[in-house]
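Coordinates as given in run-v7.pdb (PDB, C-alpha atoms and all ligand atoms):
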ATOM      1  CA  MET Q   1      -6.361-133.827  89.683
ATOM      2  CA  THR Q   2      -7.238-131.595  92.636
ATOM      3  CA  GLY Q   3      -7.494-127.825  92.802
ATOM      4  CA  ALA Q   4      -5.293-125.402  94.723
ATOM      5  CA  VAL Q   5      -6.326-122.183  96.417
ATOM      6  CA  LEU Q   6      -5.226-119.294  94.204
ATOM      7  CA  ARG Q   7      -5.101-115.733  95.527
ATOM      8  CA  LEU Q   8      -4.060-112.629  93.643
ATOM      9  CA  ASP Q   9      -3.247-110.276  96.463
ATOM     10  CA  ASN Q  10      -3.267-106.576  95.577
ATOM     11  CA  VAL Q  11      -1.497-107.299  92.294
ATOM     12  CA  GLY Q  12      -0.214-104.390  90.239
ATOM     13  CA  VAL Q  13       1.426-104.677  86.810
ATOM     14  CA  ARG Q  14       3.607-101.983  85.324
ATOM     15  CA  ILE Q  15       5.537-102.089  82.061
ATOM     16  CA  GLY Q  16       7.857 -99.120  81.674
ATOM     17  CA  SER Q  17       5.860 -96.073  82.680
ATOM     18  CA  ALA Q  18       2.484 -97.730  81.941
ATOM     19  CA  GLN Q  19       0.497 -98.998  84.919
ATOM     20  CA  LEU Q  20      -1.511-101.781  83.261
ATOM     21  CA  VAL Q  21      -3.127-103.250  86.396
ATOM     22  CA  ARG Q  22      -3.691-101.635  89.790
ATOM     23  CA  ASP Q  23      -4.329-103.286  93.187
ATOM     24  CA  VAL Q  24      -6.324-106.288  92.025
ATOM     25  CA  THR Q  25      -7.304-108.876  94.620
ATOM     26  CA  ILE Q  26      -8.996-112.071  93.431
ATOM     27  CA  ASP Q  27      -9.681-115.188  95.493
ATOM     28  CA  CYS Q  28     -10.179-118.486  93.701
ATOM     29  CA  PRO Q  29     -11.153-121.199  96.197
ATOM     30  CA  ALA Q  30      -9.929-124.710  95.355
ATOM     31  CA  GLY Q  31     -11.872-126.295  92.508
ATOM     32  CA  THR Q  32     -13.821-123.191  91.488
ATOM     33  CA  PHE Q  33     -14.194-121.730  88.003
ATOM     34  CA  VAL Q  34     -13.548-117.992  88.207
ATOM     35  CA  GLY Q  35     -14.056-115.623  85.275
ATOM     36  CA  LEU Q  36     -12.093-112.493  84.468
ATOM     37  CA  LEU Q  37     -14.139-110.092  82.360
ATOM     38  CA  GLY Q  38     -13.572-106.657  80.896
ATOM     39  CA  PRO Q  39     -13.292-104.719  77.647
ATOM     40  CA  ASN Q  40     -10.315-104.950  75.275
ATOM     41  CA  GLY Q  41      -7.217-103.527  76.887
ATOM     42  CA  SER Q  42      -8.616-103.610  80.432
ATOM     43  CA  GLY Q  43      -5.658-105.671  81.686
ATOM     44  CA  LYS Q  44      -6.985-109.248  81.754
ATOM     45  CA  SER Q  45      -4.057-110.868  79.916
ATOM     46  CA  SER Q  46      -1.498-108.800  81.831
ATOM     47  CA  LEU Q  47      -3.005-109.974  85.113
ATOM     48  CA  LEU Q  48      -3.150-113.615  84.010
ATOM     49  CA  ARG Q  49       0.481-113.467  82.891
ATOM     50  CA  THR Q  50       1.513-112.822  86.494
ATOM     51  CA  VAL Q  51      -0.116-116.136  87.486
ATOM     52  CA  TYR Q  52       1.832-118.202  84.958
ATOM     53  CA  ARG Q  53       5.007-116.274  85.664
ATOM     54  CA  ALA Q  54       5.292-114.640  82.252
ATOM     55  CA  LEU Q  55       5.260-111.209  83.890
ATOM     56  CA  PRO Q  56       6.321-110.368  87.440
ATOM     57  CA  PRO Q  57       3.826-108.302  89.444
ATOM     58  CA  ASP Q  58       5.107-104.835  90.141
ATOM     59  CA  SER Q  59       3.339-104.856  93.514
ATOM     60  CA  GLY Q  60       1.408-107.420  95.542
ATOM     61  CA  ALA Q  61       1.781-111.179  95.145
ATOM     62  CA  VAL Q  62       0.253-114.294  93.596
ATOM     63  CA  LEU Q  63      -0.280-116.996  96.201
ATOM     64  CA  LEU Q  64      -0.801-120.688  95.580
ATOM     65  CA  ASP Q  65      -2.039-122.514  98.675
ATOM     66  CA  GLY Q  66      -0.563-119.588 100.609
ATOM     67  CA  GLN Q  67       2.881-119.747  98.972
ATOM     68  CA  ASP Q  68       4.222-116.866  96.922
ATOM     69  CA  LEU Q  69       4.373-118.236  93.380
ATOM     70  CA  LEU Q  70       7.329-116.072  92.376
ATOM     71  CA  ARG Q  71       9.389-115.912  95.560
ATOM     72  CA  GLU Q  72       8.748-119.254  97.253
ATOM     73  CA  LEU Q  73       8.409-121.665  94.320
ATOM     74  CA  SER Q  74      10.972-122.490  91.634
ATOM     75  CA  ALA Q  75       9.959-122.175  87.994
ATOM     76  CA  ARG Q  76       9.632-125.951  87.759
ATOM     77  CA  GLN Q  77       7.579-126.243  90.969
ATOM     78  CA  ALA Q  78       5.254-123.555  89.636
ATOM     79  CA  ALA Q  79       5.000-125.252  86.225
ATOM     80  CA  ARG Q  80       3.957-128.512  87.861
ATOM     81  CA  ARG Q  81       1.018-126.765  89.436
ATOM     82  CA  VAL Q  82      -0.070-124.020  87.034
ATOM     83  CA  ALA Q  83      -0.888-124.689  83.372
ATOM     84  CA  VAL Q  84      -1.984-122.156  80.803
ATOM     85  CA  LEU Q  85      -3.929-122.087  77.607
ATOM     86  CA  ALA Q  86      -2.959-118.654  76.332
ATOM     87  CA  GLN Q  87      -4.073-116.382  73.545
ATOM     88  CA  GLU Q  88      -0.759-116.039  71.744
ATOM     89  CA  PRO Q  89      -0.519-118.057  68.527
ATOM     90  CA  ALA Q  90       1.571-121.171  69.049
ATOM     91  CA  HIS Q  91       4.568-121.801  66.808
ATOM     92  CA  GLU Q  92       5.358-125.432  67.485
ATOM     93  CA  ILE Q  93       6.675-125.890  63.948
ATOM     94  CA  GLY Q  94       8.252-129.265  63.244
ATOM     95  CA  PHE Q  95       6.511-131.090  66.094
ATOM     96  CA  THR Q  96       3.756-133.655  65.894
ATOM     97  CA  VAL Q  97       0.541-133.405  67.895
ATOM     98  CA  GLU Q  98       1.824-136.036  70.312
ATOM     99  CA  GLU Q  99       5.161-134.273  70.813
ATOM    100  CA  VAL Q 100       3.468-130.975  71.631
ATOM    101  CA  ILE Q 101       1.197-132.676  74.168
ATOM    102  CA  ALA Q 102       4.082-134.668  75.660
ATOM    103  CA  ALA Q 103       5.837-131.375  76.452
ATOM    104  CA  GLY Q 104       3.237-131.008  79.211
ATOM    105  CA  ARG Q 105       5.104-133.717  81.145
ATOM    106  CA  THR Q 106       8.428-131.822  81.107
ATOM    107  CA  PRO Q 107       7.965-129.982  84.447
ATOM    108  CA  HIS Q 108       7.489-133.348  86.127
ATOM    109  CA  HIS Q 109      10.804-134.897  85.116
ATOM    110  CA  GLY Q 110      12.913-132.592  82.934
ATOM    111  CA  ALA Q 111      13.310-132.656  79.181
ATOM    112  CA  TRP Q 112      15.873-135.446  78.934
ATOM    113  CA  ALA Q 113      14.770-137.844  81.637
ATOM    114  CA  ARG Q 114      13.504-141.284  80.691
ATOM    115  CA  TRP Q 115       9.816-141.518  80.072
ATOM    116  CA  ALA Q 116       7.860-143.674  82.474
ATOM    117  CA  SER Q 117       4.895-145.687  81.223
ATOM    118  CA  ALA Q 118       2.769-143.466  83.463
ATOM    119  CA  ASP Q 119       3.797-140.448  81.365
ATOM    120  CA  ARG Q 120       2.713-142.207  78.181
ATOM    121  CA  ALA Q 121      -0.611-143.161  79.734
ATOM    122  CA  ILE Q 122      -1.217-139.548  80.829
ATOM    123  CA  VAL Q 123      -0.469-138.256  77.312
ATOM    124  CA  THR Q 124      -2.697-140.912  75.713
ATOM    125  CA  GLN Q 125      -5.491-139.955  78.103
ATOM    126  CA  ALA Q 126      -5.059-136.238  77.349
ATOM    127  CA  VAL Q 127      -5.205-136.945  73.584
ATOM    128  CA  ALA Q 128      -8.422-138.911  74.068
ATOM    129  CA  THR Q 129      -9.989-136.296  76.349
ATOM    130  CA  VAL Q 130      -9.765-133.608  73.668
ATOM    131  CA  GLY Q 131     -10.953-136.004  70.961
ATOM    132  CA  LEU Q 132      -7.696-136.218  68.984
ATOM    133  CA  THR Q 133      -7.048-139.951  69.121
ATOM    134  CA  GLY Q 134      -5.765-140.985  65.698
ATOM    135  CA  HIS Q 135      -4.235-137.561  65.037
ATOM    136  CA  GLU Q 136      -1.143-138.046  67.228
ATOM    137  CA  HIS Q 137       1.342-138.138  64.338
ATOM    138  CA  ARG Q 138       0.003-135.221  62.319
ATOM    139  CA  PRO Q 139       2.248-132.140  62.167
ATOM    140  CA  PHE Q 140       0.974-129.537  64.642
ATOM    141  CA  SER Q 141       1.560-126.737  62.120
ATOM    142  CA  ALA Q 142      -0.888-128.343  59.656
ATOM    143  CA  LEU Q 143      -3.850-128.230  62.063
ATOM    144  CA  SER Q 144      -6.714-125.752  61.980
ATOM    145  CA  GLY Q 145      -6.888-123.025  64.641
ATOM    146  CA  GLY Q 146      -9.502-124.966  66.609
ATOM    147  CA  GLU Q 147      -7.550-128.229  66.403
ATOM    148  CA  LYS Q 148      -4.399-126.436  67.623
ATOM    149  CA  GLN Q 149      -6.378-125.063  70.561
ATOM    150  CA  ARG Q 150      -7.442-128.606  71.492
ATOM    151  CA  VAL Q 151      -3.839-129.839  71.292
ATOM    152  CA  LEU Q 152      -2.710-127.021  73.584
ATOM    153  CA  LEU Q 153      -5.500-127.861  76.021
ATOM    154  CA  ALA Q 154      -4.336-131.492  75.963
ATOM    155  CA  ARG Q 155      -0.784-130.305  76.721
ATOM    156  CA  ALA Q 156      -2.120-128.353  79.696
ATOM    157  CA  LEU Q 157      -4.056-131.427  80.889
ATOM    158  CA  ALA Q 158      -0.952-133.628  80.529
ATOM    159  CA  GLN Q 159       0.741-131.229  82.912
ATOM    160  CA  GLN Q 160      -1.767-132.368  85.575
ATOM    161  CA  PRO Q 161      -1.984-128.906  87.120
ATOM    162  CA  SER Q 162      -3.932-127.836  90.175
ATOM    163  CA  VAL Q 163      -4.612-124.422  88.591
ATOM    164  CA  LEU Q 164      -5.501-123.826  84.948
ATOM    165  CA  ILE Q 165      -5.262-120.351  83.445
ATOM    166  CA  LEU Q 166      -7.318-119.761  80.328
ATOM    167  CA  ASP Q 167      -6.901-116.612  78.252
ATOM    168  CA  GLU Q 168      -9.778-116.426  75.792
ATOM    169  CA  PRO Q 169      -9.760-120.215  75.372
ATOM    170  CA  THR Q 170     -12.683-120.311  72.968
ATOM    171  CA  ASN Q 171     -10.994-118.264  70.213
ATOM    172  CA  HIS Q 172     -11.246-120.169  66.923
ATOM    173  CA  LEU Q 173     -13.696-122.724  68.285
ATOM    174  CA  ASP Q 174     -17.115-123.555  66.870
ATOM    175  CA  ILE Q 175     -20.018-123.341  69.312
ATOM    176  CA  GLY Q 176     -20.127-127.065  70.061
ATOM    177  CA  THR Q 177     -16.397-127.167  70.768
ATOM    178  CA  GLN Q 178     -16.609-123.986  72.889
ATOM    179  CA  LEU Q 179     -19.245-125.484  75.156
ATOM    180  CA  GLY Q 180     -17.463-128.838  75.184
ATOM    181  CA  LEU Q 181     -14.155-127.263  76.221
ATOM    182  CA  LEU Q 182     -15.638-125.245  79.068
ATOM    183  CA  ALA Q 183     -17.719-128.174  80.330
ATOM    184  CA  LEU Q 184     -14.655-130.414  80.179
ATOM    185  CA  VAL Q 185     -12.516-127.918  82.081
ATOM    186  CA  ARG Q 186     -15.234-127.348  84.654
ATOM    187  CA  GLY Q 187     -15.523-131.098  85.207
ATOM    188  CA  LEU Q 188     -11.804-131.494  85.992
ATOM    189  CA  GLY Q 189     -12.242-130.329  89.579
ATOM    190  CA  ILE Q 190      -9.179-128.078  89.407
ATOM    191  CA  THR Q 191      -9.120-124.329  90.038
ATOM    192  CA  VAL Q 192      -9.697-122.326  86.872
ATOM    193  CA  LEU Q 193      -9.149-118.618  86.262
ATOM    194  CA  ALA Q 194     -10.356-117.697  82.779
ATOM    195  CA  ALA Q 195     -10.457-114.458  80.802
ATOM    196  CA  LEU Q 196     -13.627-114.594  78.752
ATOM    197  CA  HIS Q 197     -15.139-112.107  76.315
ATOM    198  CA  ASP Q 198     -18.407-113.960  75.916
ATOM    199  CA  LEU Q 199     -20.463-112.834  78.908
ATOM    200  CA  ASN Q 200     -23.028-115.583  78.368
ATOM    201  CA  LEU Q 201     -20.358-118.274  78.503
ATOM    202  CA  ALA Q 202     -19.096-116.630  81.700
ATOM    203  CA  ALA Q 203     -22.618-116.637  83.144
ATOM    204  CA  ALA Q 204     -23.063-120.291  82.221
ATOM    205  CA  TYR Q 205     -19.765-121.690  83.518
ATOM    206  CA  CYS Q 206     -18.291-119.410  86.188
ATOM    207  CA  ASP Q 207     -18.905-119.729  89.917
ATOM    208  CA  ARG Q 208     -17.710-116.160  90.372
ATOM    209  CA  VAL Q 209     -16.651-113.379  88.009
ATOM    210  CA  HIS Q 210     -14.397-110.334  88.355
ATOM    211  CA  LEU Q 211     -14.837-107.329  86.107
ATOM    212  CA  LEU Q 212     -11.844-105.194  85.113
ATOM    213  CA  GLN Q 213     -11.946-101.712  83.645
ATOM    214  CA  ASP Q 214      -8.824 -99.685  82.858
ATOM    215  CA  GLY Q 215      -6.683-102.057  84.924
ATOM    216  CA  ALA Q 216      -8.799-101.872  88.079
ATOM    217  CA  LEU Q 217     -11.422-104.197  89.512
ATOM    218  CA  VAL Q 218     -14.863-102.576  89.342
ATOM    219  CA  ALA Q 219     -17.082-105.481  90.433
ATOM    220  CA  HIS Q 220     -16.949-109.067  91.610
ATOM    221  CA  GLY Q 221     -19.410-111.687  92.736
ATOM    222  CA  THR Q 222     -21.588-114.372  91.211
ATOM    223  CA  PRO Q 223     -22.504-113.879  87.531
ATOM    224  CA  GLY Q 224     -25.996-112.906  88.716
ATOM    225  CA  GLU Q 225     -24.591-110.176  90.949
ATOM    226  CA  VAL Q 226     -22.116-108.737  88.441
ATOM    227  CA  LEU Q 227     -23.773-109.079  85.035
ATOM    228  CA  THR Q 228     -26.433-106.434  85.479
ATOM    229  CA  PRO Q 229     -27.622-104.372  82.501
ATOM    230  CA  ALA Q 230     -26.574-101.169  84.326
ATOM    231  CA  LEU Q 231     -22.987-102.323  84.870
ATOM    232  CA  ILE Q 232     -22.714-103.735  81.343
ATOM    233  CA  ALA Q 233     -23.892-100.413  79.912
ATOM    234  CA  ASP Q 234     -21.392 -98.583  82.074
ATOM    235  CA  VAL Q 235     -18.343-100.767  81.348
ATOM    236  CA  PHE Q 236     -18.986-102.048  77.801
ATOM    237  CA  GLY Q 237     -21.202 -99.240  76.494
ATOM    238  CA  VAL Q 238     -23.917-101.570  75.228
ATOM    239  CA  THR Q 239     -27.543-102.119  76.114
ATOM    240  CA  ALA Q 240     -28.301-105.583  77.417
ATOM    241  CA  HIS Q 241     -31.540-107.264  78.401
ATOM    242  CA  ARG Q 242     -31.221-110.001  80.959
ATOM    243  CA  VAL Q 243     -33.348-113.126  81.063
ATOM    244  CA  ALA Q 244     -33.081-116.395  82.986
ATOM    245  CA  HIS Q 245     -31.757-119.291  80.927
ATOM    246  CA  PRO Q 246     -34.772-121.597  80.497
ATOM    247  CA  ASP Q 247     -32.803-124.736  81.404
ATOM    248  CA  THR Q 248     -30.384-123.568  84.087
ATOM    249  CA  GLY Q 249     -31.936-120.380  85.492
ATOM    250  CA  ARG Q 250     -28.550-118.683  85.113
ATOM    251  CA  PRO Q 251     -28.487-115.127  83.744
ATOM    252  CA  HIS Q 252     -28.465-114.834  79.976
ATOM    253  CA  LEU Q 253     -27.903-111.556  78.167
ATOM    254  CA  ILE Q 254     -29.529-110.396  74.963
ATOM    255  CA  PHE Q 255     -27.706-107.453  73.445
ATOM    256  CA  ALA Q 256     -29.541-104.695  71.652
ATOM    257  CA  ASP Q 257     -28.325-103.592  68.238
ATOM    258  CA  PRO Q 258     -27.882 -99.831  68.568
ATOM    259  CA  VAL Q 259     -28.011 -99.418  64.793
ATOM    260  CA  SER Q 260     -31.479-100.953  64.366
ATOM    261  CA  PRO Q 261     -33.727 -98.077  65.487
ATOM    262  CA  SER Q 262     -32.170 -95.508  63.131
ATOM    263  CA  ARG Q 263     -32.291 -98.043  60.276
ATOM    264  CA  GLU Q 264     -36.002 -98.423  60.910
ATOM    265  CA  ASP Q 265     -36.424 -94.642  61.020
ATOM    266  CA  ASN Q 266     -34.665 -94.277  57.678
ATOM    267  CA  SER Q 267     -36.552 -97.014  55.879
TER     268      SER Q 267
HETATM  269  N1  LIG J 301       4.368-104.873  76.752
HETATM  270  C1  LIG J 301       3.515-103.850  76.862
HETATM  271  N2  LIG J 301       3.961-102.571  76.903
HETATM  272  C2  LIG J 301       3.104-101.533  77.027
HETATM  273  N3  LIG J 301       1.762-101.670  77.099
HETATM  274  C3  LIG J 301       1.271-102.908  77.060
HETATM  275  C4  LIG J 301       2.104-104.070  76.953
HETATM  276  N4  LIG J 301       1.301-105.171  76.953
HETATM  277  C5  LIG J 301       0.047-104.706  77.051
HETATM  278  N5  LIG J 301       0.021-103.366  77.100
HETATM  279  C6  LIG J 301      -1.176-102.502  77.211
HETATM  280  O1  LIG J 301      -1.798-102.830  78.449
HETATM  281  C7  LIG J 301      -3.200-102.722  78.327
HETATM  282  C8  LIG J 301      -3.830-104.006  78.819
HETATM  283  O2  LIG J 301      -3.534-105.026  77.882
HETATM  284  P1  LIG J 301      -4.039-106.525  78.115
HETATM  285  O3  LIG J 301      -3.579-107.337  76.942
HETATM  286  O4  LIG J 301      -3.654-106.967  79.456
HETATM  287  O5  LIG J 301      -5.623-106.302  78.054
HETATM  288  P2  LIG J 301      -6.803-107.357  77.838
HETATM  289  O6  LIG J 301      -7.877-106.971  78.771
HETATM  290  O7  LIG J 301      -6.276-108.753  77.937
HETATM  291  O8  LIG J 301      -7.214-107.036  76.338
HETATM  292  P3  LIG J 301      -7.943-107.946  75.210
HETATM  293  O9  LIG J 301      -9.325-108.197  75.709
HETATM  294  O10 LIG J 301      -7.925-107.033  74.022
HETATM  295  O11 LIG J 301      -7.118-109.189  75.010
HETATM  296  C9  LIG J 301      -3.489-102.396  76.871
HETATM  297  O12 LIG J 301      -3.724-101.019  76.747
HETATM  298  C10 LIG J 301      -2.209-102.807  76.166
HETATM  299  O13 LIG J 301      -1.995-102.012  75.006
END
Give the structure from the file, written as structure tokens.
Amino acid sequence: MTGAVLRLDNVGVRIGSAQLVRDVTIDCPAGTFVGLLGPNGSGKSSLLRTVYRALPPDSGAVLLDGQDLLRELSARQAARRVAVLAQEPAHEIGFTVEEVIAAGRTPHHGAWARWASADRAIVTQAVATVGLTGHEHRPFSALSGGEKQRVLLARALAQQPSVLILDEPTNHLDIGTQLGLLALVRGLGITVLAALHDLNLAAAYCDRVHLLQDGALVAHGTPGEVLTPALIADVFGVTAHRVAHPDTGRPHLIFADPVSPSREDNS
């Protein structure tokens, strides 16, 4: 799999009279892992939805290798190139693990076309990559939240996209699986745009990060440039101390508990 160049060019999102996102420009060079950060309700999911065509931008455009994703590519062409692991709970009731993952091949040949052996090999590989070999015939609805997330990642991998959109992909995952998922995705070599709440995961895995507040971009750059205690205090309203990760040298944040001092005073 190879990455595409993704550009969000002055994207605005409006639903009814609410302007959810204003004039956001984000460049994701091919093969980079780009983080989208910001408090609850800052517009991250709304922005990501424009990239996987769940929501049309109200202004601006989303460009994939220079082509307008909405106006120059068909839905199927876009689906061959952009996969998503979204936040919404999945309701694939009645399907097995393997059937859910196999749906990732649909944009490549249509729902009713004959399956090639290459399709089966891609699905088998995706199942193995997320560590679900042996679980192919289990009902999807009977899986735990974390197992479902791995199945949906496998479906996205089976799609063989050049851009992967992740919206809070580590929800429901234990720490080992969180790190494993992000390392796996980073190793794919495709372009990734990921909304992340965990700023330390963003610092560890992202090449660049973009910080949203109230639907507008307030900072962008490397994690080291953006994740400063001053900006974190300003945007998230918390005190953070920043240290260098002892192994990687990347920024690592330690958050202060604002309740602690008064507890000590009262004891
Ligand atoms: N369909 C809609 N109609 C009206 N307002 C909406 C709609 N969808 C989202 N919003 C509002 O838009 C704002 C941005 O929501 P969005 O889900 O994009 O934020 P977010 O940064 O992804 O939040 P979170 O971190 O909580 O997932 C919120 O105030 C939300 O209530």
Could you build a table of the residues in chain Q lying no more than 8 Å from ligand LIG 301 (chain J), giving for each the nearest pair of atoms and their separation in Å rounded to one decimal place, using only C-alpha atoms and all ligand atoms, ordered by chain and ascending residue number, as CSV?
residue,atom,partner,partner_atom,distance
Q:Ile15,CA,J:LIG301,N2,5.4
Q:Gly16,CA,J:LIG301,N2,7.1
Q:Ala18,CA,J:LIG301,C2,6.2
Q:Gln19,CA,J:LIG301,O1,7.9
Q:Leu20,CA,J:LIG301,O1,4.9
Q:Val21,CA,J:LIG301,C8,7.6
Q:Leu37,CA,J:LIG301,O6,7.9
Q:Gly38,CA,J:LIG301,O6,6.1
Q:Pro39,CA,J:LIG301,O9,5.6
Q:Asn40,CA,J:LIG301,O10,3.4
Q:Gly41,CA,J:LIG301,O5,3.4
Q:Ser42,CA,J:LIG301,O6,3.8
Q:Gly43,CA,J:LIG301,O4,3.3
Q:Lys44,CA,J:LIG301,O6,3.9
Q:Ser45,CA,J:LIG301,O7,3.6
Q:Ser46,CA,J:LIG301,O4,3.7
Q:Leu47,CA,J:LIG301,O4,6.4
Q:Gln87,CA,J:LIG301,O11,7.9
Q:Asp167,CA,J:LIG301,O7,7.9
Q:Glu168,CA,J:LIG301,O11,7.7
Q:Ala195,CA,J:LIG301,O7,7.6
Q:His197,CA,J:LIG301,O9,7.0
Q:Leu212,CA,J:LIG301,O6,7.7
Q:Asp214,CA,J:LIG301,C8,7.7
Q:Gly215,CA,J:LIG301,C8,7.0
Let me see the file: selected residues, C-alpha atoms, as a PDB file, keeping the file's coordinate frame.
ATOM      1  CA  ILE Q  15       5.537-102.089  82.061  1.00  0.00           C
ATOM      2  CA  GLY Q  16       7.857 -99.120  81.674  1.00  0.00           C
ATOM      3  CA  ALA Q  18       2.484 -97.730  81.941  1.00  0.00           C
ATOM      4  CA  GLN Q  19       0.497 -98.998  84.919  1.00  0.00           C
ATOM      5  CA  LEU Q  20      -1.511-101.781  83.261  1.00  0.00           C
ATOM      6  CA  VAL Q  21      -3.127-103.250  86.396  1.00  0.00           C
ATOM      7  CA  LEU Q  37     -14.139-110.092  82.360  1.00  0.00           C
ATOM      8  CA  GLY Q  38     -13.572-106.657  80.896  1.00  0.00           C
ATOM      9  CA  PRO Q  39     -13.292-104.719  77.647  1.00  0.00           C
ATOM     10  CA  ASN Q  40     -10.315-104.950  75.275  1.00  0.00           C
ATOM     11  CA  GLY Q  41      -7.217-103.527  76.887  1.00  0.00           C
ATOM     12  CA  SER Q  42      -8.616-103.610  80.432  1.00  0.00           C
ATOM     13  CA  GLY Q  43      -5.658-105.671  81.686  1.00  0.00           C
ATOM     14  CA  LYS Q  44      -6.985-109.248  81.754  1.00  0.00           C
ATOM     15  CA  SER Q  45      -4.057-110.868  79.916  1.00  0.00           C
ATOM     16  CA  SER Q  46      -1.498-108.800  81.831  1.00  0.00           C
ATOM     17  CA  LEU Q  47      -3.005-109.974  85.113  1.00  0.00           C
ATOM     18  CA  GLN Q  87      -4.073-116.382  73.545  1.00  0.00           C
ATOM     19  CA  ASP Q 167      -6.901-116.612  78.252  1.00  0.00           C
ATOM     20  CA  GLU Q 168      -9.778-116.426  75.792  1.00  0.00           C
ATOM     21  CA  ALA Q 195     -10.457-114.458  80.802  1.00  0.00           C
ATOM     22  CA  HIS Q 197     -15.139-112.107  76.315  1.00  0.00           C
ATOM     23  CA  LEU Q 212     -11.844-105.194  85.113  1.00  0.00           C
ATOM     24  CA  ASP Q 214      -8.824 -99.685  82.858  1.00  0.00           C
ATOM     25  CA  GLY Q 215      -6.683-102.057  84.924  1.00  0.00           C
TER      26      GLY Q 215
END
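The shortest atom-to-atom distance to Gly66 (chain Q), with only C-alpha atoms taken into account, belongs to Q:Asp9 out of Q:Asp9, Q:Ala203, Q:Gly187, Q:Leu181.
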Item to complete: Could you tell me which residues the PyMOL selection byres (((chain Q and resi 30) around 10) and not hetatm) returns for this structure, as JSON, numbers by chain?
Response: {"Q": [2, 3, 4, 5, 6, 27, 28, 29, 31, 32, 33, 64, 65, 162, 163, 189, 190, 191, 192]}
Item to complete: Quick one: everything within 12 Å of Ala78 (chain Q), counting all atoms listed in the file, minus sequence neighbours fewer than 6 positions away in the same chain. Send it as a ChimeraX atom specification.
Response: /Q:4,50-54,62-65,67-72,84,107-108,159-164
Fill in: Nearest-residue call for Ala156 (chain Q), choices Q:Ala102, Q:Leu73, Q:Ala216, Q:Ala183, using all atoms listed in the file
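With all atoms listed in the file as the atom set, the closest residue is Q:Ala102.
Of the listed residues (Q:Leu152, Q:Glu225, Q:Gly12, Q:Arg7), Q:Arg7 comes nearest to Ile26 (chain Q); the distances count only C-alpha atoms.
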Worksheet item: Expressed in Å to a single decimal, how great is the separation between CA of Val24 (chain Q) and CA of Gly221 (chain Q)?
Response: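 For CA of Val24 (chain Q) relative to CA of Gly221 (chain Q), the distance reads 14.2 Å.
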Discussion item. My list of candidates is Q:His252, Q:Arg155, Q:Arg76, Q:His220. Which is closest to Leu36 (chain Q) when distances are computed with all atoms listed in the file?
Written reply: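 Residue with the minimum atom-to-atom distance to Leu36 (chain Q): Q:His220.
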Item to complete: Just the residues within 12 Å of Gln178 (chain Q), please, counting all atoms listed in the file, with nothing from its chain fewer than 4 positions along; format it as a list in words.
Response: Val130, Gly146, Glu147, Gln149, Arg150, Glu168, Pro169, Thr170, Asn171, His172, Leu173, Asp174, Leu182, Ala183, Leu184, Val185, Leu196, Asp198, Asn200, Leu201, Ala202, Ala204 and Tyr205 of chain Q
Discussion item. Once the PyMOL selection byres (((chain Q and resi 100) around 9) and not hetatm) has been evaluated on this model, what residues remain selected, and can you format them as an NGL selection string?
Written reply: :Q and (92 or 95-99 or 101-104 or 140 or 151-152 or 154-155)
Discussion item. Counting only C-alpha atoms, I want the residues whose atoms come within 9 Å of (-6.2, -137.9, 71.5) in the file frame, returned as a list in words.
Written reply: Val97, Glu98, Val123, Thr124, Gln125, Ala126, Val127, Ala128, Thr129, Val130, Gly131, Leu132, Thr133, Gly134, His135, Glu136, Val151 and Ala154 of chain Q
Item to complete: Work out how far apart CA of Asp207 (chain Q) and CA of Pro223 (chain Q) are and give it in Å to one decimal.
Response: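 Computed distance, CA of Asp207 (chain Q) to CA of Pro223 (chain Q), equals 7.3 Å.
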Worksheet, complete the sentence: Shortest contact to Gln213 (chain Q), candidates Q:Leu179, Q:Ala83, Q:Gly94, Q:Arg22, atoms counted only C-alpha atoms, goes to Q:Arg22
Practice prompt. Give the answer as one residue: which of Q:Leu217, Q:Cys206, Q:Leu85, Q:Leu166 has the shortest atom-to-atom distance to Arg250 (chain Q), using all atoms listed in the file?
Written response: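 Closest candidate: Q:Cys206.
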Worksheet item: Suppose you want the space between CA of Arg186 (chain Q) and CA of Leu157 (chain Q); what is it in Å?
Response: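 According to the coordinates, CA of Arg186 (chain Q) and CA of Leu157 (chain Q) are separated by 12.5 Å.
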Worksheet entry | Explicit residue set for the PyMOL selection byres (((chain Q and resi 58) around 9) and not hetatm), as an MDAnalysis selection string | chainID Q and resid 11:15 55:57 59:61
Please fill the gaps in region 76-81 of chain Q so it has N, CA and C atoms, and write that as a PDB file, in the coordinates of the input.
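See result04.pdb below for the written result:
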ATOM      1  N   ARG Q  76      10.148-124.608  88.033  1.00  0.00           N
ATOM      2  CA  ARG Q  76       9.632-125.951  87.759  1.00  0.00           C
ATOM      3  C   ARG Q  76       8.511-126.318  88.727  1.00  0.00           C
ATOM      4  N   GLN Q  77       8.665-125.961  90.003  1.00  0.00           N
ATOM      5  CA  GLN Q  77       7.579-126.243  90.969  1.00  0.00           C
ATOM      6  C   GLN Q  77       6.288-125.548  90.533  1.00  0.00           C
ATOM      7  N   ALA Q  78       6.442-124.297  90.074  1.00  0.00           N
ATOM      8  CA  ALA Q  78       5.254-123.555  89.636  1.00  0.00           C
ATOM      9  C   ALA Q  78       4.643-124.209  88.404  1.00  0.00           C
ATOM     10  N   ALA Q  79       5.499-124.659  87.473  1.00  0.00           N
ATOM     11  CA  ALA Q  79       5.000-125.252  86.225  1.00  0.00           C
ATOM     12  C   ALA Q  79       4.314-126.593  86.458  1.00  0.00           C
ATOM     13  N   ARG Q  80       4.656-127.263  87.550  1.00  0.00           N
ATOM     14  CA  ARG Q  80       3.957-128.512  87.861  1.00  0.00           C
ATOM     15  C   ARG Q  80       2.542-128.248  88.332  1.00  0.00           C
ATOM     16  N   ARG Q  81       2.316-127.025  88.806  1.00  0.00           N
ATOM     17  CA  ARG Q  81       1.018-126.765  89.436  1.00  0.00           C
ATOM     18  C   ARG Q  81       0.130-125.822  88.653  1.00  0.00           C
TER      19      ARG Q  81
END
